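Undergrad: My structure is in query.pdb, and what it holds is PDB, C-alpha atoms and all ligand atoms:
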ATOM      1  CA  MET A  10     -51.293 -84.237  -3.781
ATOM      2  CA  GLY A  11     -54.453 -86.170  -3.115
ATOM      3  CA  GLY A  12     -57.314 -87.429  -5.127
ATOM      4  CA  ARG A  13     -56.311 -91.039  -4.895
ATOM      5  CA  ASN A  14     -57.216 -91.452  -1.270
ATOM      6  CA  SER A  15     -59.861 -93.982  -2.126
ATOM      7  CA  THR A  16     -57.155 -96.345  -3.377
ATOM      8  CA  GLU A  17     -54.916 -95.902  -0.357
ATOM      9  CA  SER A  18     -54.843 -98.322   2.499
ATOM     10  CA  ALA A  19     -52.649 -99.175   5.414
ATOM     11  CA  GLU A  20     -50.982-101.769   3.196
ATOM     12  CA  ASP A  21     -49.646 -99.099   0.892
ATOM     13  CA  ALA A  22     -46.761 -98.393   3.202
ATOM     14  CA  GLY A  23     -45.064 -96.159   0.661
ATOM     15  CA  ARG A  24     -47.960 -93.769   0.448
ATOM     16  CA  VAL A  25     -48.292 -92.336   3.957
ATOM     17  CA  ASP A  26     -47.181 -88.677   4.252
ATOM     18  CA  PRO A  27     -44.689 -88.595   7.140
ATOM     19  CA  TYR A  28     -44.375 -84.807   6.992
ATOM     20  CA  GLY A  29     -48.081 -84.057   7.405
ATOM     21  CA  GLY A  30     -48.268 -81.948   4.249
ATOM     22  CA  LYS A  31     -45.303 -79.744   5.247
ATOM     23  CA  ARG A  32     -43.008 -80.938   2.485
ATOM     24  CA  LYS A  33     -43.624 -80.957  -1.220
ATOM     25  CA  LEU A  34     -43.564 -84.203  -3.111
ATOM     26  CA  ALA A  35     -40.588 -84.680  -5.375
ATOM     27  CA  LEU A  36     -41.474 -88.084  -6.803
ATOM     28  CA  ASP A  37     -44.696 -90.028  -6.637
ATOM     29  CA  VAL A  38     -44.289 -93.610  -7.737
ATOM     30  CA  VAL A  39     -47.618 -95.316  -8.232
ATOM     31  CA  GLU A  40     -48.252 -99.043  -8.590
ATOM     32  CA  LEU A  41     -45.380-100.018 -10.860
ATOM     33  CA  HIS A  42     -45.573-103.419 -12.458
ATOM     34  CA  LYS A  43     -42.714-104.953 -14.362
ATOM     35  CA  ALA A  44     -42.117-108.471 -15.625
ATOM     36  CA  TYR A  45     -39.255-109.946 -17.585
ATOM     37  CA  GLY A  46     -40.828-112.885 -19.369
ATOM     38  CA  GLU A  47     -42.400-115.023 -16.654
ATOM     39  CA  LYS A  48     -40.555-113.247 -13.887
ATOM     40  CA  ARG A  49     -42.723-110.627 -12.184
ATOM     41  CA  VAL A  50     -40.245-108.309 -10.548
ATOM     42  CA  HIS A  51     -42.525-105.415  -9.573
ATOM     43  CA  ARG A  52     -46.095-106.187  -8.522
ATOM     44  CA  GLY A  53     -47.356-102.766  -7.588
ATOM     45  CA  VAL A  54     -44.425-100.760  -6.276
ATOM     46  CA  SER A  55     -45.590 -97.495  -4.711
ATOM     47  CA  PHE A  56     -43.664 -94.934  -2.732
ATOM     48  CA  ARG A  57     -43.176 -91.215  -2.446
ATOM     49  CA  VAL A  58     -40.081 -89.119  -2.075
ATOM     50  CA  TYR A  59     -40.388 -85.653  -0.575
ATOM     51  CA  GLU A  60     -38.251 -82.667  -1.463
ATOM     52  CA  GLY A  61     -35.018 -82.521   0.486
ATOM     53  CA  GLU A  62     -35.207 -86.013   1.932
ATOM     54  CA  ILE A  63     -33.189 -89.119   1.259
ATOM     55  CA  LEU A  64     -35.168 -92.306   1.034
ATOM     56  CA  GLY A  65     -33.142 -95.454   1.705
ATOM     57  CA  LEU A  66     -34.329 -98.413  -0.340
ATOM     58  CA  PHE A  67     -33.603-101.887   1.030
ATOM     59  CA  GLY A  68     -34.391-105.197  -0.567
ATOM     60  CA  GLY A  69     -32.839-108.591  -1.103
ATOM     61  CA  SER A  70     -30.527-109.243  -3.998
ATOM     62  CA  GLY A  71     -32.614-109.472  -7.184
ATOM     63  CA  SER A  72     -35.667-107.901  -5.541
ATOM     64  CA  GLY A  73     -35.824-105.193  -8.202
ATOM     65  CA  LYS A  74     -34.138-102.202  -6.557
ATOM     66  CA  SER A  75     -32.002-101.298  -9.547
ATOM     67  CA  VAL A  76     -34.998-101.730 -11.835
ATOM     68  CA  VAL A  77     -36.835 -99.164  -9.662
ATOM     69  CA  LEU A  78     -34.006 -96.674 -10.074
ATOM     70  CA  ARG A  79     -33.657 -97.329 -13.801
ATOM     71  CA  SER A  80     -37.410 -96.821 -14.193
ATOM     72  CA  LEU A  81     -37.165 -93.452 -12.469
ATOM     73  CA  ILE A  82     -34.926 -92.112 -15.219
ATOM     74  CA  GLY A  83     -36.692 -93.915 -18.039
ATOM     75  CA  LEU A  84     -33.945 -96.449 -18.745
ATOM     76  CA  GLU A  85     -36.545 -99.087 -18.023
ATOM     77  CA  ARG A  86     -40.236 -98.897 -18.902
ATOM     78  CA  PRO A  87     -42.713-100.271 -16.400
ATOM     79  CA  ASP A  88     -45.509-102.413 -17.831
ATOM     80  CA  GLU A  89     -47.986-100.469 -15.726
ATOM     81  CA  GLY A  90     -47.970 -97.633 -13.230
ATOM     82  CA  GLN A  91     -46.964 -94.010 -13.020
ATOM     83  CA  ILE A  92     -43.921 -92.016 -12.023
ATOM     84  CA  LEU A  93     -45.004 -88.472 -11.329
ATOM     85  CA  PHE A  94     -42.344 -85.772 -11.321
ATOM     86  CA  GLU A  95     -42.882 -82.045 -11.771
ATOM     87  CA  GLY A  96     -46.443 -82.672 -12.861
ATOM     88  CA  LYS A  97     -45.550 -85.174 -15.588
ATOM     89  CA  ASP A  98     -45.857 -88.947 -15.747
ATOM     90  CA  LEU A  99     -42.346 -89.935 -16.794
ATOM     91  CA  THR A 100     -43.509 -93.365 -17.942
ATOM     92  CA  GLN A 101     -45.473 -91.688 -20.740
ATOM     93  CA  LEU A 102     -42.650 -89.584 -22.147
ATOM     94  CA  THR A 103     -40.713 -90.355 -25.309
ATOM     95  CA  GLU A 104     -36.916 -90.671 -25.193
ATOM     96  CA  ARG A 105     -36.705 -87.153 -26.546
ATOM     97  CA  GLU A 106     -39.104 -85.752 -23.982
ATOM     98  CA  LEU A 107     -37.132 -87.499 -21.225
ATOM     99  CA  MET A 108     -33.869 -85.783 -22.150
ATOM    100  CA  PRO A 109     -34.316 -82.652 -20.011
ATOM    101  CA  TYR A 110     -35.327 -84.823 -17.047
ATOM    102  CA  ARG A 111     -32.012 -86.665 -17.208
ATOM    103  CA  THR A 112     -30.328 -83.479 -16.060
ATOM    104  CA  ARG A 113     -32.771 -83.057 -13.147
ATOM    105  CA  ILE A 114     -32.837 -86.689 -12.053
ATOM    106  CA  SER A 115     -29.390 -88.172 -11.992
ATOM    107  CA  TYR A 116     -28.213 -91.743 -11.507
ATOM    108  CA  VAL A 117     -25.054 -92.727  -9.651
ATOM    109  CA  PHE A 118     -24.297 -96.141 -11.067
ATOM    110  CA  GLN A 119     -23.113 -99.065  -9.004
ATOM    111  CA  ASN A 120     -19.550 -98.994 -10.380
ATOM    112  CA  GLY A 121     -19.307 -95.257 -11.029
ATOM    113  CA  ALA A 122     -19.746 -95.983 -14.757
ATOM    114  CA  LEU A 123     -16.944 -93.684 -15.849
ATOM    115  CA  PHE A 124     -15.826 -93.814 -19.470
ATOM    116  CA  ASP A 125     -12.648 -95.924 -19.334
ATOM    117  CA  SER A 126     -10.846 -94.167 -22.141
ATOM    118  CA  LEU A 127     -11.516 -90.659 -20.847
ATOM    119  CA  THR A 128      -9.608 -88.867 -18.106
ATOM    120  CA  VAL A 129     -11.325 -87.739 -14.923
ATOM    121  CA  GLU A 130     -11.564 -84.191 -16.293
ATOM    122  CA  GLU A 131     -13.038 -85.443 -19.590
ATOM    123  CA  ASN A 132     -15.517 -87.635 -17.732
ATOM    124  CA  LEU A 133     -16.722 -84.701 -15.635
ATOM    125  CA  SER A 134     -16.768 -82.284 -18.582
ATOM    126  CA  TYR A 135     -18.896 -84.574 -20.682
ATOM    127  CA  PRO A 136     -22.325 -83.832 -19.136
ATOM    128  CA  LEU A 137     -21.567 -80.105 -19.172
ATOM    129  CA  GLU A 138     -20.630 -80.246 -22.853
ATOM    130  CA  GLU A 139     -23.756 -82.252 -23.649
ATOM    131  CA  HIS A 140     -26.308 -80.327 -21.639
ATOM    132  CA  THR A 141     -25.089 -76.762 -21.086
ATOM    133  CA  ALA A 142     -23.873 -73.838 -23.157
ATOM    134  CA  LEU A 143     -20.866 -73.217 -20.873
ATOM    135  CA  SER A 144     -17.567 -72.257 -22.501
ATOM    136  CA  PRO A 145     -14.546 -74.585 -22.220
ATOM    137  CA  GLY A 146     -13.077 -72.202 -19.631
ATOM    138  CA  GLN A 147     -16.231 -72.236 -17.545
ATOM    139  CA  ILE A 148     -16.413 -76.027 -17.814
ATOM    140  CA  HIS A 149     -12.815 -76.377 -16.641
ATOM    141  CA  LYS A 150     -13.536 -74.105 -13.671
ATOM    142  CA  LYS A 151     -16.599 -76.109 -12.683
ATOM    143  CA  VAL A 152     -14.664 -79.378 -12.959
ATOM    144  CA  GLN A 153     -11.891 -77.941 -10.755
ATOM    145  CA  GLU A 154     -14.439 -76.944  -8.112
ATOM    146  CA  MET A 155     -16.072 -80.350  -8.252
ATOM    147  CA  LEU A 156     -12.728 -82.138  -7.818
ATOM    148  CA  VAL A 157     -12.127 -80.117  -4.657
ATOM    149  CA  THR A 158     -15.628 -80.975  -3.413
ATOM    150  CA  ILE A 159     -14.957 -84.706  -3.767
ATOM    151  CA  ASP A 160     -11.456 -84.497  -2.261
ATOM    152  CA  MET A 161      -9.731 -85.290  -5.558
ATOM    153  CA  PRO A 162      -7.965 -82.075  -6.573
ATOM    154  CA  GLY A 163      -5.231 -82.641  -9.129
ATOM    155  CA  SER A 164      -6.614 -85.907 -10.465
ATOM    156  CA  ASN A 165      -7.760 -84.259 -13.725
ATOM    157  CA  ASP A 166      -5.545 -86.275 -16.048
ATOM    158  CA  LEU A 167      -5.907 -89.686 -14.455
ATOM    159  CA  LEU A 168      -7.774 -92.466 -16.217
ATOM    160  CA  PRO A 169     -10.440 -94.419 -14.282
ATOM    161  CA  ALA A 170      -8.149 -97.465 -14.151
ATOM    162  CA  GLU A 171      -5.592 -95.367 -12.279
ATOM    163  CA  LEU A 172      -8.075 -94.488  -9.529
ATOM    164  CA  SER A 173      -8.768 -96.450  -6.359
ATOM    165  CA  GLY A 174     -12.247 -97.915  -5.935
ATOM    166  CA  GLY A 175     -13.154 -95.104  -3.571
ATOM    167  CA  MET A 176     -11.980 -92.451  -6.006
ATOM    168  CA  GLN A 177     -13.886 -94.085  -8.857
ATOM    169  CA  LYS A 178     -17.063 -93.932  -6.800
ATOM    170  CA  ARG A 179     -16.522 -90.310  -5.864
ATOM    171  CA  ALA A 180     -15.737 -89.391  -9.476
ATOM    172  CA  GLY A 181     -18.934 -91.187 -10.516
ATOM    173  CA  LEU A 182     -20.811 -89.183  -7.909
ATOM    174  CA  ALA A 183     -19.205 -85.982  -9.169
ATOM    175  CA  ARG A 184     -20.224 -86.733 -12.726
ATOM    176  CA  ALA A 185     -23.791 -87.409 -11.623
ATOM    177  CA  ILE A 186     -24.097 -84.156  -9.678
ATOM    178  CA  ILE A 187     -22.177 -81.744 -11.864
ATOM    179  CA  LEU A 188     -25.370 -80.641 -13.619
ATOM    180  CA  GLU A 189     -26.897 -79.869 -10.220
ATOM    181  CA  PRO A 190     -29.816 -82.277 -10.473
ATOM    182  CA  LYS A 191     -32.811 -82.003  -8.212
ATOM    183  CA  VAL A 192     -33.001 -85.734  -7.504
ATOM    184  CA  ILE A 193     -30.089 -88.143  -7.216
ATOM    185  CA  LEU A 194     -30.490 -91.902  -7.417
ATOM    186  CA  PHE A 195     -27.718 -93.838  -5.703
ATOM    187  CA  ASP A 196     -27.309 -97.512  -6.572
ATOM    188  CA  GLU A 197     -25.289 -99.177  -3.817
ATOM    189  CA  PRO A 198     -22.808 -96.325  -3.656
ATOM    190  CA  THR A 199     -20.823 -97.782  -0.771
ATOM    191  CA  ALA A 200     -20.620-101.353  -2.080
ATOM    192  CA  GLY A 201     -17.016-102.523  -2.144
ATOM    193  CA  LEU A 202     -15.705 -99.489  -0.256
ATOM    194  CA  ASP A 203     -13.601 -99.742   2.863
ATOM    195  CA  PRO A 204     -14.798 -97.868   5.978
ATOM    196  CA  ILE A 205     -12.675 -94.787   5.313
ATOM    197  CA  ASN A 206     -13.887 -94.394   1.744
ATOM    198  CA  THR A 207     -17.455 -95.130   2.817
ATOM    199  CA  LYS A 208     -17.180 -92.318   5.353
ATOM    200  CA  ARG A 209     -15.800 -89.935   2.745
ATOM    201  CA  LEU A 210     -18.578 -90.745   0.313
ATOM    202  CA  LEU A 211     -21.213 -90.279   3.012
ATOM    203  CA  GLU A 212     -19.673 -86.918   3.925
ATOM    204  CA  ASN A 213     -19.967 -85.921   0.267
ATOM    205  CA  ILE A 214     -23.601 -86.955   0.186
ATOM    206  CA  LYS A 215     -24.286 -85.072   3.436
ATOM    207  CA  LYS A 216     -22.797 -81.937   1.898
ATOM    208  CA  LEU A 217     -25.146 -82.398  -1.034
ATOM    209  CA  LYS A 218     -28.061 -82.890   1.273
ATOM    210  CA  LYS A 219     -27.393 -79.535   2.894
ATOM    211  CA  THR A 220     -27.826 -77.964  -0.540
ATOM    212  CA  GLY A 221     -31.355 -79.376  -0.634
ATOM    213  CA  ILE A 222     -31.038 -82.318  -2.993
ATOM    214  CA  THR A 223     -33.509 -85.157  -2.871
ATOM    215  CA  GLY A 224     -32.220 -88.706  -3.033
ATOM    216  CA  VAL A 225     -33.076 -92.365  -3.308
ATOM    217  CA  PHE A 226     -30.321 -94.448  -1.786
ATOM    218  CA  VAL A 227     -30.371 -98.149  -2.689
ATOM    219  CA  THR A 228     -28.104-100.143  -0.438
ATOM    220  CA  HIS A 229     -27.291-103.276   1.517
ATOM    221  CA  ASP A 230     -25.201-101.115   3.803
ATOM    222  CA  ILE A 231     -27.677-100.581   6.614
ATOM    223  CA  PRO A 232     -25.442 -98.457   8.891
ATOM    224  CA  SER A 233     -24.768 -96.044   6.032
ATOM    225  CA  ALA A 234     -28.462 -95.868   5.190
ATOM    226  CA  PHE A 235     -29.306 -95.128   8.819
ATOM    227  CA  GLU A 236     -26.730 -92.365   8.820
ATOM    228  CA  ILE A 237     -27.775 -90.688   5.586
ATOM    229  CA  ALA A 238     -31.476 -91.440   5.067
ATOM    230  CA  ASP A 239     -34.568 -89.786   6.527
ATOM    231  CA  ARG A 240     -36.812 -92.721   5.774
ATOM    232  CA  ILE A 241     -36.360 -96.320   4.753
ATOM    233  CA  ALA A 242     -38.472 -98.327   2.324
ATOM    234  CA  ILE A 243     -38.240-102.099   2.008
ATOM    235  CA  LEU A 244     -38.922-103.736  -1.333
ATOM    236  CA  HIS A 245     -40.036-107.310  -0.845
ATOM    237  CA  GLU A 246     -41.900-109.678  -3.150
ATOM    238  CA  GLY A 247     -42.489-106.957  -5.677
ATOM    239  CA  ARG A 248     -43.955-104.323  -3.375
ATOM    240  CA  ILE A 249     -42.895-101.717  -0.842
ATOM    241  CA  LYS A 250     -43.851-103.597   2.304
ATOM    242  CA  VAL A 251     -42.511-101.097   4.811
ATOM    243  CA  CYS A 252     -41.782 -97.392   4.564
ATOM    244  CA  ASP A 253     -41.022 -95.410   7.696
ATOM    245  CA  THR A 254     -38.656 -92.989   9.385
ATOM    246  CA  VAL A 255     -35.222 -94.278  10.306
ATOM    247  CA  ASP A 256     -36.071 -93.988  14.019
ATOM    248  CA  ASN A 257     -39.224 -96.067  13.623
ATOM    249  CA  ILE A 258     -37.404 -98.629  11.493
ATOM    250  CA  LYS A 259     -34.732 -99.018  14.183
ATOM    251  CA  GLU A 260     -37.415 -99.634  16.806
ATOM    252  CA  SER A 261     -39.657-101.764  14.613
ATOM    253  CA  LYS A 262     -40.744-105.233  15.728
ATOM    254  CA  ASP A 263     -41.839-106.167  12.210
ATOM    255  CA  PRO A 264     -40.038-109.454  11.387
ATOM    256  CA  LEU A 265     -39.268-108.277   7.855
ATOM    257  CA  VAL A 266     -37.638-105.114   9.198
ATOM    258  CA  ARG A 267     -35.768-107.080  11.858
ATOM    259  CA  SER A 268     -34.402-109.502   9.299
ATOM    260  CA  PHE A 269     -33.017-106.591   7.270
ATOM    261  CA  ILE A 270     -31.428-104.708  10.130
ATOM    262  CA  SER A 271     -30.153-107.547  12.306
ATOM    263  CA  GLU A 272     -26.974-107.438  10.280
ATOM    264  CA  ALA A 273     -26.614-103.738  11.129
ATOM    265  CA  ILE A 274     -26.951-104.463  14.829
ATOM    266  CA  ILE A 275     -24.090-106.937  14.604
ATOM    267  CA  HIS A 276     -21.963-104.221  12.973
ATOM    268  CA  HIS A 277     -22.756-101.713  15.699
ATOM    269  CA  HIS A 278     -21.687-103.922  18.598
TER
HETATM  270  N1  LIG B 301     -32.960-106.176 -18.509
HETATM  271  C1  LIG B 301     -33.355-107.264 -17.838
HETATM  272  N2  LIG B 301     -33.739-108.379 -18.466
HETATM  273  C2  LIG B 301     -34.182-109.471 -17.790
HETATM  274  N3  LIG B 301     -34.244-109.545 -16.457
HETATM  275  C3  LIG B 301     -33.861-108.466 -15.767
HETATM  276  C4  LIG B 301     -33.398-107.276 -16.408
HETATM  277  N4  LIG B 301     -33.094-106.367 -15.463
HETATM  278  C5  LIG B 301     -33.349-106.961 -14.281
HETATM  279  N5  LIG B 301     -33.808-108.204 -14.462
HETATM  280  C6  LIG B 301     -34.210-109.133 -13.405
HETATM  281  O1  LIG B 301     -35.011-108.436 -12.496
HETATM  282  C7  LIG B 301     -34.710-108.824 -11.158
HETATM  283  C8  LIG B 301     -34.406-107.621 -10.329
HETATM  284  O2  LIG B 301     -33.196-107.045 -10.780
HETATM  285  P1  LIG B 301     -32.481-105.842 -10.050
HETATM  286  O3  LIG B 301     -33.386-104.663 -10.002
HETATM  287  O4  LIG B 301     -31.189-105.646 -10.745
HETATM  288  O5  LIG B 301     -32.278-106.401  -8.580
HETATM  289  P2  LIG B 301     -31.560-105.706  -7.330
HETATM  290  O6  LIG B 301     -32.612-105.539  -6.294
HETATM  291  O7  LIG B 301     -30.525-106.686  -6.884
HETATM  292  O8  LIG B 301     -30.987-104.412  -7.808
HETATM  293  C9  LIG B 301     -33.572-109.818 -11.238
HETATM  294  O9  LIG B 301     -34.086-111.104 -11.123
HETATM  295  C10 LIG B 301     -32.993-109.597 -12.615
HETATM  296  O10 LIG B 301     -32.486-110.788 -13.127
HETATM  297 MG    MG B 302     -29.028-103.726  -8.043
END
Could you write out this file's structure as structure tokens?
Ligand SMILES: Nc1ncnc2c1ncn2[C@@H]1O[C@H](COP(=O)(O)OP(=O)(O)O)[C@@H](O)[C@H]1O
Ligand SMILES: [Mg+2]
TA:
Amino acid sequence: MGGRNSTESAEDAGRVDPYGGKRKLALDVVELHKAYGEKRVHRGVSFRVYEGEILGLFGGSGSGKSVVLRSLIGLERPDEGQILFEGKDLTQLTERELMPYRTRISYVFQNGALFDSLTVEENLSYPLEEHTALSPGQIHKKVQEMLVTIDMPGSNDLLPAELSGGMQKRAGLARAIILEPKVILFDEPTAGLDPINTKRLLENIKKLKKTGITGVFVTHDIPSAFEIADRIAILHEGRIKVCDTVDNIKESKDPLVRSFISEAIIHHH
């Protein structure tokens, strides 16, 4: 990609290519603006996600992280800006045109967002029934495989309310990945999980990463982000103020970066 170099500057932290042209761009988010009434949440949010990487997205509570993720799958429409994916600007697509993209960009909601009245098997079958031509037998087989992947074999007939928090999160992850999306958006996937379940979820995400998925990982859980992400972006006052490799973020003297990771240092000692 190129052609917009004239608009780039050192301030556009999200726009520097850390891979020196060696990786293809998966998502190019350009100058998003979004206001709710008087409240200007995004004031020019720009960042890029490269194929096969996980970008950790940090930001204070209410800074607009979830709105970024929702915008990436068209659940939210920016007032201005572009989201380029596979050569299309997703912000310009109609609901109908967005449909196929919802199988290639998948959202893991904060609470798992399982359907309460459906069993685990029904929850996982649902996207396959909606978006594929697989037979019921093939769907069942795929669900069985997925339950093994997320360490929940045999939980087919349980309802979400019968699952632990950790299991709900993993089932939510399973539902989001069962269509084998190219990009996965994680919204605070480890929030509310104990260390053991956090570890399990991270192991699941690492397995996915080995298969080549691309991810955006929104979190307050800095140690988990450091473990799973390749780069970290910080959303602050409506813009991506910092975007750098995990190693550089750990070493950074930038006060904004320090204020975000000081909590992580406490956890590590
Ligand atoms: N649908 C909406 N209507 C009005 N305000 C919203 C809406 N969605 C988000 N906001 C506001 O936008 C800001 C950012 O929200 P959000 O992206 O959820 O923050 P976070 O970084 O904690 O995920 C918050 O102040 C929130 O109140
Ligand atoms: Mg949020």
Undergrad: Can you pull out the residues contacting Lys48 in chain A? Cut-off 12 Å, using only C-alpha atoms, and skip same-chain residues under 5 positions away; I want them as a ChimeraX atom specification.
TA: /A:42-43,71-73,246-247
Undergrad: Kindly provide, as a list of chain:residue names, the polymer residues lying within 10 Å of (-20.0, -97.6, -0.7), counting all atoms listed in the file and using the coordinates exactly as they appear in the file.
TA: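 Here the neighbourhood of the point contains A:Gln119, A:Asn120, A:Gly174, A:Gly175, A:Lys178, A:Arg179, A:Phe195, A:Asp196, A:Glu197, A:Pro198, A:Thr199, A:Ala200, A:Gly201, A:Leu202, A:Asp203, A:Pro204, A:Ile205, A:Asn206, A:Thr207, A:Lys208, A:Arg209, A:Leu210, A:Leu211, A:Thr228, A:His229, A:Asp230, A:Ser233.
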Undergrad: Using all atoms listed in the file, what are the residues with an atom within 7 Å of ligand LIG 301 (chain B), set out as a short mmCIF file (atom, residue, chain, number, x, y, z; two decimals) with C-alpha atoms, in the frame of the given file?
TA:
data_model
loop_
_atom_site.label_atom_id
_atom_site.label_comp_id
_atom_site.auth_asym_id
_atom_site.auth_seq_id
_atom_site.Cartn_x
_atom_site.Cartn_y
_atom_site.Cartn_z
CA TYR A 45 -39.26 -109.95 -17.58
CA VAL A 50 -40.24 -108.31 -10.55
CA GLY A 68 -34.39 -105.20 -0.57
CA GLY A 69 -32.84 -108.59 -1.10
CA SER A 70 -30.53 -109.24 -4.00
CA GLY A 71 -32.61 -109.47 -7.18
CA SER A 72 -35.67 -107.90 -5.54
CA GLY A 73 -35.82 -105.19 -8.20
CA LYS A 74 -34.14 -102.20 -6.56
CA SER A 75 -32.00 -101.30 -9.55
CA VAL A 76 -35.00 -101.73 -11.84
CA VAL A 77 -36.84 -99.16 -9.66
#
Undergrad: Between A:Lys262, A:Ala44, A:Lys31, A:Leu194, single out the one closest to ligand MG 302 (chain B), counting all atoms listed in the file.
TA: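 Selected residue with least distance to ligand MG 302 (chain B): A:Leu194.
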Undergrad: Quick one: which residues end up in the PyMOL selection byres (((chain A and resi 214) around 12) and not hetatm) for this structure, as a ChimeraX atom specification?
TA: /A:62-63,117,158-159,178-179,182-183,185-186,193-195,198-199,207-213,215-226,233-234,236-238
Undergrad: How would the residues just picked look written out with C-alpha atoms as a PDB file, in the frame of the given file?
TA:
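selection36.pdb, freshly written:
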ATOM      1  CA  GLU A  62     -35.207 -86.013   1.932  1.00  0.00           C
ATOM      2  CA  ILE A  63     -33.189 -89.119   1.259  1.00  0.00           C
ATOM      3  CA  VAL A 117     -25.054 -92.727  -9.651  1.00  0.00           C
ATOM      4  CA  THR A 158     -15.628 -80.975  -3.413  1.00  0.00           C
ATOM      5  CA  ILE A 159     -14.957 -84.706  -3.767  1.00  0.00           C
ATOM      6  CA  LYS A 178     -17.063 -93.932  -6.800  1.00  0.00           C
ATOM      7  CA  ARG A 179     -16.522 -90.310  -5.864  1.00  0.00           C
ATOM      8  CA  LEU A 182     -20.811 -89.183  -7.909  1.00  0.00           C
ATOM      9  CA  ALA A 183     -19.205 -85.982  -9.169  1.00  0.00           C
ATOM     10  CA  ALA A 185     -23.791 -87.409 -11.623  1.00  0.00           C
ATOM     11  CA  ILE A 186     -24.097 -84.156  -9.678  1.00  0.00           C
ATOM     12  CA  ILE A 193     -30.089 -88.143  -7.216  1.00  0.00           C
ATOM     13  CA  LEU A 194     -30.490 -91.902  -7.417  1.00  0.00           C
ATOM     14  CA  PHE A 195     -27.718 -93.838  -5.703  1.00  0.00           C
ATOM     15  CA  PRO A 198     -22.808 -96.325  -3.656  1.00  0.00           C
ATOM     16  CA  THR A 199     -20.823 -97.782  -0.771  1.00  0.00           C
ATOM     17  CA  THR A 207     -17.455 -95.130   2.817  1.00  0.00           C
ATOM     18  CA  LYS A 208     -17.180 -92.318   5.353  1.00  0.00           C
ATOM     19  CA  ARG A 209     -15.800 -89.935   2.745  1.00  0.00           C
ATOM     20  CA  LEU A 210     -18.578 -90.745   0.313  1.00  0.00           C
ATOM     21  CA  LEU A 211     -21.213 -90.279   3.012  1.00  0.00           C
ATOM     22  CA  GLU A 212     -19.673 -86.918   3.925  1.00  0.00           C
ATOM     23  CA  ASN A 213     -19.967 -85.921   0.267  1.00  0.00           C
ATOM     24  CA  LYS A 215     -24.286 -85.072   3.436  1.00  0.00           C
ATOM     25  CA  LYS A 216     -22.797 -81.937   1.898  1.00  0.00           C
ATOM     26  CA  LEU A 217     -25.146 -82.398  -1.034  1.00  0.00           C
ATOM     27  CA  LYS A 218     -28.061 -82.890   1.273  1.00  0.00           C
ATOM     28  CA  LYS A 219     -27.393 -79.535   2.894  1.00  0.00           C
ATOM     29  CA  THR A 220     -27.826 -77.964  -0.540  1.00  0.00           C
ATOM     30  CA  GLY A 221     -31.355 -79.376  -0.634  1.00  0.00           C
ATOM     31  CA  ILE A 222     -31.038 -82.318  -2.993  1.00  0.00           C
ATOM     32  CA  THR A 223     -33.509 -85.157  -2.871  1.00  0.00           C
ATOM     33  CA  GLY A 224     -32.220 -88.706  -3.033  1.00  0.00           C
ATOM     34  CA  VAL A 225     -33.076 -92.365  -3.308  1.00  0.00           C
ATOM     35  CA  PHE A 226     -30.321 -94.448  -1.786  1.00  0.00           C
ATOM     36  CA  SER A 233     -24.768 -96.044   6.032  1.00  0.00           C
ATOM     37  CA  ALA A 234     -28.462 -95.868   5.190  1.00  0.00           C
ATOM     38  CA  GLU A 236     -26.730 -92.365   8.820  1.00  0.00           C
ATOM     39  CA  ILE A 237     -27.775 -90.688   5.586  1.00  0.00           C
ATOM     40  CA  ALA A 238     -31.476 -91.440   5.067  1.00  0.00           C
TER      41      ALA A 238
END
Undergrad: Taking into account all atoms listed in the file, which residue in the set A:Leu84, A:Ile258, A:Leu66, A:Ile231 is nearest to ligand MG 302 (chain B)?
TA: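 Distance minimum relative to ligand MG 302 (chain B) lands on A:Leu66.
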Undergrad: Could you tell me how far CA of Gln147 in chain A sits from CA of Glu130 in chain A, in Å to one decimal place?
TA: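 Distance reported for this atom pair: 12.9 Å.
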Undergrad: Kindly give the distance, in Å, that separates CA of Glu131 in chain A and CA of Glu189 in chain A, rounded to a single decimal.
TA: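 Here the two named atoms are 17.6 Å from each other.
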Undergrad: By how many Å are CA of Asn132 in chain A and CA of Arg184 in chain A apart?
TA: 6.9 Å
Undergrad: Translate the PyMOL selection byres (((chain A and resi 168) around 12) and not hetatm) into a concrete residue list for this structure, as a VMD selection string.
TA: chain A and resid 123 to 133 164 to 167 169 to 173 176 to 177 180
Undergrad: Of the candidates A:Gly46, A:Leu244, A:Arg32, A:Thr141, which one gets nearest to ligand MG 302 (chain B) if we count all atoms listed in the file?
TA: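 Ranked by minimum distance to ligand MG 302 (chain B), first place goes to A:Leu244.
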Undergrad: Keeping N, CA and C atoms, write range 258-262 of chain A of the structure just shown out as a PDB file, in the first residue's frame.
TA:
ATOM      1  N   ILE A 258       7.502  -1.458  23.303  1.00  0.00           N
ATOM      2  CA  ILE A 258       6.544  -0.928  24.282  1.00  0.00           C
ATOM      3  C   ILE A 258       7.061  -1.195  25.703  1.00  0.00           C
ATOM      4  N   LYS A 259       7.592  -2.397  25.908  1.00  0.00           N
ATOM      5  CA  LYS A 259       8.105  -2.752  27.243  1.00  0.00           C
ATOM      6  C   LYS A 259       9.246  -1.832  27.661  1.00  0.00           C
ATOM      7  N   GLU A 260      10.052  -1.440  26.680  1.00  0.00           N
ATOM      8  CA  GLU A 260      11.228  -0.601  26.964  1.00  0.00           C
ATOM      9  C   GLU A 260      10.914   0.889  26.950  1.00  0.00           C
ATOM     10  N   SER A 261       9.729   1.238  26.458  1.00  0.00           N
ATOM     11  CA  SER A 261       9.429   2.641  26.174  1.00  0.00           C
ATOM     12  C   SER A 261       9.496   3.535  27.413  1.00  0.00           C
ATOM     13  N   LYS A 262       9.970   4.765  27.185  1.00  0.00           N
ATOM     14  CA  LYS A 262      10.023   5.759  28.268  1.00  0.00           C
ATOM     15  C   LYS A 262       8.844   6.724  28.164  1.00  0.00           C
TER      16      LYS A 262
END
